[in-house]
Amino acid sequence: MQHEHIHIGKIAASFGVAGEIILVHSLQTKTALPKVTVLFVETTKDKLVPFFITKAKAKSTTETIVSLEGVPTKEAVKPLLQKQVWLTDADFRRITPKNAAIGFIGFTVLEEEKVLGQVEAVIEQPHQILLQITYQGHEALLPLHEETLIAVNHAAKTIELSLPDGLLELYTS
């Protein structure tokens, strides 16, 4: 699921009475999801169900109002509330701004040419960004800021970091 689909947010609420939803997303741009025809909703653990978009309009940089095929009323939205939403990797890459941190999902993290792992999630906090990877079988959170970032290669999908001494050992001991 991680390589074919990218987690972008959740269905936060219904909007109006015609079955529209408020999609809260982390795409870091005001978007009406151009050319995206389907959202995948995680209805149960690890089960993604496709819902076709009939209409979408941008509300803010973190919210989009979406109408889904087969969801005609406010009552029909209820089973979808608080469910996680995913896009195909291709749709995600097409609509995410190149400079958005969430775009690093799927990139390989390197330190001194050593592969540490793939970015599984991006956690944005007020003063820093954390890249979540699996390092030697353990979840690790790596800080991404001007002191740790060496280079980003969009073509090769790699991020080179210089991490503080001992940081990786915290996750494996």
# chains A, B, ... in the order shown; residues from 1 in each chain; ligands from 1
$ residues_around --residues "Pro164 in chain A" --least-positions-apart "5" --cutoff "10 Å" --atoms "only C-alpha atoms" --output "MDAnalysis selection string"
chainID A and resid 142:143 147:148
$ residues_around --residues "Trp86 in chain A" --least-positions-apart "2" --cutoff "12 Å" --atoms "only C-alpha atoms" --output "count of residues only"
36
$ select_by_dssp --residues "range 91-144 of chain A" --states "strand (DSSP E)" --output "list in words"
Thr108, Val109, Leu110, Glu111, Lys114, Val115, Leu116, Gly117, Gln118, Ala121, Val122, Ile123, Glu124, Gln125, Gln128, Ile129, Leu130, Leu131, Gln132, Ile133, Thr134, Tyr135, His138, Glu139, Ala140, Leu141, Leu142, Pro143 and Leu144 of chain A
$ write_last_selection --atoms "C-alpha atoms" --output "PDB file, in the first residue's frame"
ATOM      1  CA  THR A 108      15.437   7.192  -0.154  1.00  0.00           C
ATOM      2  CA  VAL A 109      17.348   8.759   2.750  1.00  0.00           C
ATOM      3  CA  LEU A 110      21.137   8.589   2.595  1.00  0.00           C
ATOM      4  CA  GLU A 111      23.892   9.524   5.020  1.00  0.00           C
ATOM      5  CA  LYS A 114      24.738   4.731   3.154  1.00  0.00           C
ATOM      6  CA  VAL A 115      21.042   3.962   2.582  1.00  0.00           C
ATOM      7  CA  LEU A 116      19.100   4.530   5.811  1.00  0.00           C
ATOM      8  CA  GLY A 117      15.586   3.808   4.511  1.00  0.00           C
ATOM      9  CA  GLN A 118      12.642   5.174   2.569  1.00  0.00           C
ATOM     10  CA  ALA A 121       5.708   9.782   6.301  1.00  0.00           C
ATOM     11  CA  VAL A 122       6.515  13.451   6.742  1.00  0.00           C
ATOM     12  CA  ILE A 123       5.630  15.012  10.082  1.00  0.00           C
ATOM     13  CA  GLU A 124       5.518  18.775  10.039  1.00  0.00           C
ATOM     14  CA  GLN A 125       5.910  20.578  13.319  1.00  0.00           C
ATOM     15  CA  GLN A 128      10.993  21.419  12.101  1.00  0.00           C
ATOM     16  CA  ILE A 129      10.111  18.656   9.714  1.00  0.00           C
ATOM     17  CA  LEU A 130      10.626  15.007  10.632  1.00  0.00           C
ATOM     18  CA  LEU A 131      11.060  12.218   8.103  1.00  0.00           C
ATOM     19  CA  GLN A 132       9.734   8.863   9.298  1.00  0.00           C
ATOM     20  CA  ILE A 133      11.686   5.841   8.051  1.00  0.00           C
ATOM     21  CA  THR A 134      12.175   2.246   9.127  1.00  0.00           C
ATOM     22  CA  TYR A 135      15.827   1.881  10.137  1.00  0.00           C
ATOM     23  CA  HIS A 138      12.698   0.211  13.928  1.00  0.00           C
ATOM     24  CA  GLU A 139      10.696   3.370  13.258  1.00  0.00           C
ATOM     25  CA  ALA A 140      13.046   6.363  13.216  1.00  0.00           C
ATOM     26  CA  LEU A 141      12.256  10.077  13.004  1.00  0.00           C
ATOM     27  CA  LEU A 142      14.940  12.125  11.277  1.00  0.00           C
ATOM     28  CA  PRO A 143      15.052  15.921  11.510  1.00  0.00           C
ATOM     29  CA  LEU A 144      15.033  17.778   8.200  1.00  0.00           C
TER      30      LEU A 144
END
$ select_by_dssp --residues "range 129-170 of chain A" --states "alpha helix (DSSP H)" --output "list in words"
Leu167, Leu168, Glu169 and Leu170 of chain A
$ closest_residue --among "A:Val77, A:Val85, A:Leu68, A:Ile150" --to "Ser162 in chain A" --atoms "only C-alpha atoms"
A:Ile150
$ closest_residue --among "A:Ser67, A:Thr54, A:Thr96, A:Gln82" --to "Thr29 in chain A" --atoms "only C-alpha atoms"
A:Thr96
$ closest_residue --among "A:Lys74, A:Lys35, A:Lys55, A:His145" --to "Ala101 in chain A" --atoms "only C-alpha atoms"
A:His145
$ closest_residue --among "A:Leu163, A:Val71, A:Ile21, A:Ile102" --to "Val119 in chain A" --atoms "only C-alpha atoms"
A:Ile102
